[in-house]
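One structure is given here, and the rest of the page talks about it.
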Amino acid sequence: MRFLDREGDGPSAKYFNTPAAALYLDSTQPRYVGGILVMLNARLFKFWNDLPDALRTGRPQNEIKHGQKGMFEELYDELPRLEQFLGAMTGLSRINFEAFAEKFDFSRFKTLCDVGGATGLLCVEVAKAHPHLRCTSFDLPPVEPIARKHIAAAGLSDRVATASGDFFKDPLPKADMITMGMILHDWNLEKKMHLIRAAYDALPSGGALVAIEALIDDARRENVFGLLMSLNMLIEFGDAFDYSGADFRKWCGEAGFQRFEVIHLAGPSSAAIAYK
């Protein structure tokens with residue numbers, strides 16, 4: 001798998017990390033992405049044993065099935081599990097957010113709000129690459145101190161702020177751009193539309209909503225990761241699902257957005273963009 005290399009042969013040989021393993025799989029390094037593997041091992045693998053039940057019933061197969069609280073309720077009650085989940089999302093998102101910061105033209109925008117911002121990673125990557133931008137990472141109150149810690153560690157507290165609230169109950173912070181990294185796929189269609197409309201209300205004319213996901217190809221044939229992620233949303237929530245660029249365009253058009261594009265980021269992931 002090329003995670004390790006070796007000097008010599010036999011009992012005296014010594015193993016060492018390859019450059020890629022040292023960069024991405026050492027938890028002490030800033031570009032560590034292994035958090036998703038830790039969470040999958042600790043939690044998700046066992047729920048996939050019940051995929052047949054999920055397909056037959058359309059019901060979640062996670063903690064809810066076993067009489068416990070739902071995923072997000074459980075997470076926000078227990079700080080260690082919350083930090084594990086946020087670490088997993090960092091691992092899954094880092095390379096995509098770096099690619100987004102590099103590939104999107106931010107020159108017309110001055111402010112950005114990342115909704116469901118978790119550790120503040122998207123804001124940090126964009127702010128590092130574009131010094132003219134001021135960013136806000138928005139999430140539930142228990143997440144805010146975690147985000148502040150990560151933003152401070154990146155040395156960006158002067159340009160990346162935090163804000164807290166419930167995006168289903170509270171208005172979104174106003175900004176020229178609203179980003180949602182792996183947020184929309186967590187919800188059913190009604191809640192997806194609520195978030196899209198909330199973003200529309202928070203944006204000025206010419207503003208942009210950006211959804212970063214493992215966007216399924218419009219023909220639903222090619223993006224295996226995106227299709228599997230959609231099954232994972234079934235396991236987790238029952239009525240949540242991943243979606244295609246055509247789906248995003250349709251929903252955003254219904255909310256009033258006027259122009260759309262899709263930018264490929266890295267691997268199976270893309271940024272779907274709607275302009276007001």
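So you can find residues: chains in the structure tokens are A, B, ... in the order shown, residues in each start at 1, and ligands are numbered from 1 in order.
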Residues near stretch 218-233 of chain A, cut-off 9 Å, only C-alpha atoms, skip fewer than 5 positions along chain, as a PyMOL selection string: chain A and resi 44+48+51+54-55+60+185-187+213+238-247+268-269
File of the preceding selection, N, CA and C atoms, as a CSV table (one decimal), in the first residue's frame:
```csv
chain,number,residue,atom,x,y,z
A,44,LEU,N,-18.8,3.6,12.6
A,44,LEU,CA,-19.6,3.3,11.4
A,44,LEU,C,-19.6,1.9,10.8
A,48,TRP,N,-23.0,-0.6,9.1
A,48,TRP,CA,-23.1,-1.1,7.7
A,48,TRP,C,-23.5,-2.6,7.6
A,51,LEU,N,-27.1,-2.8,6.3
A,51,LEU,CA,-27.5,-2.1,5.1
A,51,LEU,C,-28.7,-2.8,4.5
A,54,ALA,N,-31.7,-1.2,5.9
A,54,ALA,CA,-31.8,0.2,5.5
A,54,ALA,C,-32.5,0.2,4.1
A,55,LEU,N,-32.1,-0.6,3.2
A,55,LEU,CA,-32.6,-0.6,1.9
A,55,LEU,C,-34.0,-1.0,1.8
A,60,PRO,N,-33.0,4.7,9.5
A,60,PRO,CA,-31.6,4.7,9.9
A,60,PRO,C,-31.3,3.4,10.7
A,185,HIS,N,-25.9,17.1,2.3
A,185,HIS,CA,-26.2,15.7,2.2
A,185,HIS,C,-26.7,15.1,3.5
A,186,ASP,N,-26.6,15.8,4.6
A,186,ASP,CA,-27.0,15.2,5.9
A,186,ASP,C,-28.5,15.2,6.1
A,187,TRP,N,-29.2,15.8,5.2
A,187,TRP,CA,-30.7,16.1,5.4
A,187,TRP,C,-31.6,15.7,4.3
A,213,GLU,N,-19.2,18.7,-1.9
A,213,GLU,CA,-19.7,17.3,-1.6
A,213,GLU,C,-19.0,16.4,-2.6
A,238,GLY,N,-31.8,7.7,7.4
A,238,GLY,CA,-33.0,7.2,6.8
A,238,GLY,C,-33.4,8.0,5.6
A,239,ASP,N,-33.7,9.3,5.7
A,239,ASP,CA,-34.2,10.1,4.6
A,239,ASP,C,-33.2,11.1,4.0
A,240,ALA,N,-32.0,11.0,4.5
A,240,ALA,CA,-30.9,11.9,3.9
A,240,ALA,C,-30.3,11.3,2.7
A,241,PHE,N,-29.7,12.1,1.8
A,241,PHE,CA,-29.1,11.5,0.6
A,241,PHE,C,-28.1,12.5,0.0
A,242,ASP,N,-27.2,11.9,-0.8
A,242,ASP,CA,-26.3,12.7,-1.6
A,242,ASP,C,-27.0,13.0,-2.9
A,243,TYR,N,-26.4,13.9,-3.7
A,243,TYR,CA,-27.2,14.5,-4.9
A,243,TYR,C,-26.2,14.8,-6.0
A,244,SER,N,-26.8,15.1,-7.2
A,244,SER,CA,-26.0,15.5,-8.4
A,244,SER,C,-26.0,17.0,-8.6
A,245,GLY,N,-25.2,17.4,-9.5
A,245,GLY,CA,-25.1,18.8,-9.9
A,245,GLY,C,-26.5,19.3,-10.4
A,246,ALA,N,-27.1,18.4,-11.2
A,246,ALA,CA,-28.5,18.7,-11.7
A,246,ALA,C,-29.5,18.9,-10.6
A,247,ASP,N,-29.4,18.1,-9.6
A,247,ASP,CA,-30.3,18.3,-8.4
A,247,ASP,C,-30.1,19.6,-7.8
A,268,PRO,N,-13.3,12.3,-5.8
A,268,PRO,CA,-14.7,12.3,-6.2
A,268,PRO,C,-15.5,13.5,-5.8
A,269,SER,N,-14.8,14.6,-5.3
A,269,SER,CA,-15.5,15.7,-4.8
A,269,SER,C,-15.5,16.9,-5.7
```
Can you list, as an NGL selection string, every residue of stretch 43-199 of chain A that DSSP puts in strand (DSSP E or B)? :A and (111-115 or 134-139 or 160-164 or 177-181)
The selected residues should be written to file as a PDB file, in the first residue's frame (atoms: N, CA and C atoms).
```pdb
ATOM      1  N   THR A 111     -16.232  38.852   1.901  1.00  0.00           N
ATOM      2  CA  THR A 111     -16.571  38.125   3.130  1.00  0.00           C
ATOM      3  C   THR A 111     -17.104  36.748   2.781  1.00  0.00           C
ATOM      4  N   LEU A 112     -16.842  35.791   3.667  1.00  0.00           N
ATOM      5  CA  LEU A 112     -17.279  34.409   3.483  1.00  0.00           C
ATOM      6  C   LEU A 112     -17.776  33.887   4.820  1.00  0.00           C
ATOM      7  N   CYS A 113     -18.886  33.176   4.798  1.00  0.00           N
ATOM      8  CA  CYS A 113     -19.377  32.472   5.985  1.00  0.00           C
ATOM      9  C   CYS A 113     -19.486  30.993   5.657  1.00  0.00           C
ATOM     10  N   ASP A 114     -18.777  30.162   6.427  1.00  0.00           N
ATOM     11  CA  ASP A 114     -18.857  28.715   6.234  1.00  0.00           C
ATOM     12  C   ASP A 114     -19.869  28.160   7.229  1.00  0.00           C
ATOM     13  N   VAL A 115     -20.967  27.647   6.717  1.00  0.00           N
ATOM     14  CA  VAL A 115     -22.074  27.165   7.545  1.00  0.00           C
ATOM     15  C   VAL A 115     -21.848  25.692   7.886  1.00  0.00           C
ATOM     16  N   ARG A 134     -12.278  38.186   4.658  1.00  0.00           N
ATOM     17  CA  ARG A 134     -12.585  37.979   6.076  1.00  0.00           C
ATOM     18  C   ARG A 134     -13.626  36.871   6.151  1.00  0.00           C
ATOM     19  N   CYS A 135     -13.390  35.894   7.024  1.00  0.00           N
ATOM     20  CA  CYS A 135     -14.216  34.692   7.051  1.00  0.00           C
ATOM     21  C   CYS A 135     -14.840  34.482   8.432  1.00  0.00           C
ATOM     22  N   THR A 136     -15.990  33.818   8.440  1.00  0.00           N
ATOM     23  CA  THR A 136     -16.671  33.446   9.676  1.00  0.00           C
ATOM     24  C   THR A 136     -17.038  31.976   9.604  1.00  0.00           C
ATOM     25  N   SER A 137     -16.684  31.224  10.641  1.00  0.00           N
ATOM     26  CA  SER A 137     -17.058  29.819  10.743  1.00  0.00           C
ATOM     27  C   SER A 137     -18.254  29.719  11.681  1.00  0.00           C
ATOM     28  N   PHE A 138     -19.379  29.229  11.150  1.00  0.00           N
ATOM     29  CA  PHE A 138     -20.658  29.211  11.877  1.00  0.00           C
ATOM     30  C   PHE A 138     -21.045  27.777  12.190  1.00  0.00           C
ATOM     31  N   ASP A 139     -21.318  27.491  13.468  1.00  0.00           N
ATOM     32  CA  ASP A 139     -21.745  26.147  13.861  1.00  0.00           C
ATOM     33  C   ASP A 139     -22.465  26.246  15.204  1.00  0.00           C
ATOM     34  N   VAL A 160     -10.272  35.336  10.720  1.00  0.00           N
ATOM     35  CA  VAL A 160     -11.290  34.286  10.759  1.00  0.00           C
ATOM     36  C   VAL A 160     -11.994  34.340  12.106  1.00  0.00           C
ATOM     37  N   ALA A 161     -13.264  34.697  12.077  1.00  0.00           N
ATOM     38  CA  ALA A 161     -14.073  34.784  13.283  1.00  0.00           C
ATOM     39  C   ALA A 161     -14.935  33.523  13.421  1.00  0.00           C
ATOM     40  N   THR A 162     -15.557  33.372  14.589  1.00  0.00           N
ATOM     41  CA  THR A 162     -16.525  32.298  14.788  1.00  0.00           C
ATOM     42  C   THR A 162     -17.867  32.910  15.170  1.00  0.00           C
ATOM     43  N   ALA A 163     -18.920  32.202  14.854  1.00  0.00           N
ATOM     44  CA  ALA A 163     -20.280  32.585  15.260  1.00  0.00           C
ATOM     45  C   ALA A 163     -21.032  31.296  15.538  1.00  0.00           C
ATOM     46  N   SER A 164     -21.978  31.347  16.473  1.00  0.00           N
ATOM     47  CA  SER A 164     -22.711  30.134  16.816  1.00  0.00           C
ATOM     48  C   SER A 164     -24.207  30.343  16.680  1.00  0.00           C
ATOM     49  N   MET A 177     -20.296  35.365   0.355  1.00  0.00           N
ATOM     50  CA  MET A 177     -20.308  33.948  -0.016  1.00  0.00           C
ATOM     51  C   MET A 177     -20.773  33.139   1.183  1.00  0.00           C
ATOM     52  N   ILE A 178     -21.621  32.145   0.921  1.00  0.00           N
ATOM     53  CA  ILE A 178     -21.993  31.157   1.932  1.00  0.00           C
ATOM     54  C   ILE A 178     -21.486  29.808   1.439  1.00  0.00           C
ATOM     55  N   THR A 179     -20.676  29.139   2.246  1.00  0.00           N
ATOM     56  CA  THR A 179     -20.190  27.811   1.875  1.00  0.00           C
ATOM     57  C   THR A 179     -20.781  26.775   2.822  1.00  0.00           C
ATOM     58  N   MET A 180     -20.973  25.566   2.288  1.00  0.00           N
ATOM     59  CA  MET A 180     -21.447  24.433   3.077  1.00  0.00           C
ATOM     60  C   MET A 180     -20.651  23.208   2.649  1.00  0.00           C
ATOM     61  N   GLY A 181     -19.717  22.802   3.462  1.00  0.00           N
ATOM     62  CA  GLY A 181     -18.882  21.650   3.147  1.00  0.00           C
ATOM     63  C   GLY A 181     -19.441  20.384   3.773  1.00  0.00           C
TER      64      GLY A 181
END
```
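Shortest atom-to-atom contact with A:His130 among A:Ala118, A:Leu23, A:Ile216, A:Ala101: A:Ala101, counting only C-alpha atoms.
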Option closest in space to A:Phe237, from A:Val33, A:Ile64, A:Ala20, A:Leu265 [counting only C-alpha atoms]: A:Ile64
Using DSSP on the backbone, list every residue of stretch 41-247 of chain A that comes out as helix (DSSP H, G or I), and give them as a ChimeraX atom specification. /A:41-57,63-66,71-77,79-103,121-129,141-153,184-186,189-202,224-237,245-247
Keeping only C-alpha atoms, write the selected residues as a tab-separated table (two decimals), in the first residue's frame.
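Contents of selection22.tsv, freshly written:
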```tsv
chain	number	residue	atom	x	y	z
A	41	ASN	CA	-13.34	2.07	12.90
A	42	ALA	CA	-14.90	3.19	16.18
A	43	ARG	CA	-18.45	3.72	14.99
A	44	LEU	CA	-19.64	3.34	11.40
A	45	PHE	CA	-18.40	-0.04	10.23
A	46	LYS	CA	-20.78	-2.00	12.48
A	47	PHE	CA	-23.85	-0.08	11.28
A	48	TRP	CA	-23.13	-1.08	7.66
A	49	ASN	CA	-23.86	-4.68	8.67
A	50	ASP	CA	-27.53	-3.61	8.60
A	51	LEU	CA	-27.48	-2.11	5.09
A	52	PRO	CA	-30.08	-4.66	3.85
A	53	ASP	CA	-32.53	-3.45	6.52
A	54	ALA	CA	-31.85	0.17	5.52
A	55	LEU	CA	-32.59	-0.59	1.87
A	56	ARG	CA	-35.80	-2.47	2.70
A	57	THR	CA	-37.20	0.00	5.24
A	63	GLU	CA	-27.75	4.41	17.41
A	64	ILE	CA	-31.45	5.24	16.89
A	65	LYS	CA	-32.18	1.63	15.91
A	66	HIS	CA	-30.79	0.49	19.25
A	71	MET	CA	-26.10	10.79	15.77
A	72	PHE	CA	-25.97	14.55	16.20
A	73	GLU	CA	-27.76	14.58	19.58
A	74	GLU	CA	-25.27	12.03	20.89
A	75	LEU	CA	-22.31	13.92	19.45
A	76	TYR	CA	-23.09	17.26	21.02
A	77	ASP	CA	-23.68	15.67	24.43
A	79	LEU	CA	-17.14	16.34	23.95
A	80	PRO	CA	-14.72	13.43	23.20
A	81	ARG	CA	-17.07	12.02	20.54
A	82	LEU	CA	-17.69	15.49	19.14
A	83	GLU	CA	-13.95	16.07	18.75
A	84	GLN	CA	-13.54	12.63	17.15
A	85	PHE	CA	-16.30	13.46	14.64
A	86	LEU	CA	-14.83	16.89	13.86
A	87	GLY	CA	-11.44	15.25	13.36
A	88	ALA	CA	-13.05	12.81	10.94
A	89	MET	CA	-14.62	15.65	8.97
A	90	THR	CA	-11.25	17.42	8.84
A	91	GLY	CA	-9.65	14.28	7.39
A	92	LEU	CA	-12.37	13.92	4.79
A	93	SER	CA	-12.40	17.61	3.82
A	94	ARG	CA	-8.87	19.00	4.00
A	95	ILE	CA	-7.71	18.25	0.46
A	96	ASN	CA	-11.04	19.40	-1.02
A	97	PHE	CA	-10.93	22.68	0.89
A	98	GLU	CA	-7.33	23.29	-0.22
A	99	ALA	CA	-8.40	22.64	-3.82
A	100	PHE	CA	-11.39	24.99	-3.45
A	101	ALA	CA	-9.13	27.75	-2.10
A	102	GLU	CA	-6.87	27.29	-5.14
A	103	LYS	CA	-9.41	26.82	-7.95
A	121	LEU	CA	-10.87	24.36	8.34
A	122	LEU	CA	-12.51	25.78	5.19
A	123	CYS	CA	-12.18	29.33	6.50
A	124	VAL	CA	-8.55	28.72	7.44
A	125	GLU	CA	-7.60	27.32	4.02
A	126	VAL	CA	-9.38	30.11	2.12
A	127	ALA	CA	-8.01	32.86	4.38
A	128	LYS	CA	-4.45	31.53	4.01
A	129	ALA	CA	-4.72	31.65	0.22
A	141	PRO	CA	-22.38	26.60	20.35
A	142	PRO	CA	-20.46	23.49	21.59
A	143	VAL	CA	-18.30	23.63	18.44
A	144	GLU	CA	-17.24	27.27	18.76
A	145	PRO	CA	-14.39	26.83	21.31
A	146	ILE	CA	-12.98	23.94	19.26
A	147	ALA	CA	-13.01	26.10	16.11
A	148	ARG	CA	-11.38	29.02	17.92
A	149	LYS	CA	-8.57	26.74	19.07
A	150	HIS	CA	-7.85	25.50	15.54
A	151	ILE	CA	-8.09	29.00	14.03
A	152	ALA	CA	-5.70	30.37	16.64
A	153	ALA	CA	-3.27	27.51	15.98
A	184	LEU	CA	-26.56	19.46	2.56
A	185	HIS	CA	-26.21	15.70	2.18
A	186	ASP	CA	-26.99	15.21	5.89
A	189	LEU	CA	-35.16	17.38	0.78
A	190	GLU	CA	-37.30	19.64	2.97
A	191	LYS	CA	-34.33	20.55	5.16
A	192	LYS	CA	-32.01	20.88	2.16
A	193	MET	CA	-34.42	23.46	0.73
A	194	HIS	CA	-34.58	25.29	4.08
A	195	LEU	CA	-30.78	25.68	4.08
A	196	ILE	CA	-30.65	26.78	0.44
A	197	ARG	CA	-33.34	29.42	1.07
A	198	ALA	CA	-31.57	30.57	4.26
A	199	ALA	CA	-28.38	31.03	2.23
A	200	TYR	CA	-30.26	32.97	-0.44
A	201	ASP	CA	-31.63	35.33	2.24
A	202	ALA	CA	-28.15	35.89	3.72
A	224	VAL	CA	-18.93	5.37	-6.81
A	225	PHE	CA	-17.77	7.25	-3.71
A	226	GLY	CA	-20.68	9.69	-3.98
A	227	LEU	CA	-23.19	6.87	-4.40
A	228	LEU	CA	-21.71	5.00	-1.42
A	229	MET	CA	-21.80	8.18	0.64
A	230	SER	CA	-25.50	8.46	-0.19
A	231	LEU	CA	-25.99	4.93	1.17
A	232	ASN	CA	-24.11	6.03	4.28
A	233	MET	CA	-26.61	8.86	4.71
A	234	LEU	CA	-29.37	6.24	4.50
A	235	ILE	CA	-27.65	4.23	7.25
A	236	GLU	CA	-27.27	7.35	9.40
A	237	PHE	CA	-30.53	9.21	8.88
A	245	GLY	CA	-25.14	18.82	-9.86
A	246	ALA	CA	-28.47	18.73	-11.72
A	247	ASP	CA	-30.32	18.26	-8.41
```
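The two atoms in question, atom CA of A:Gln258 and atom CA of A:Ala274, are spaced 7.2 Å apart.
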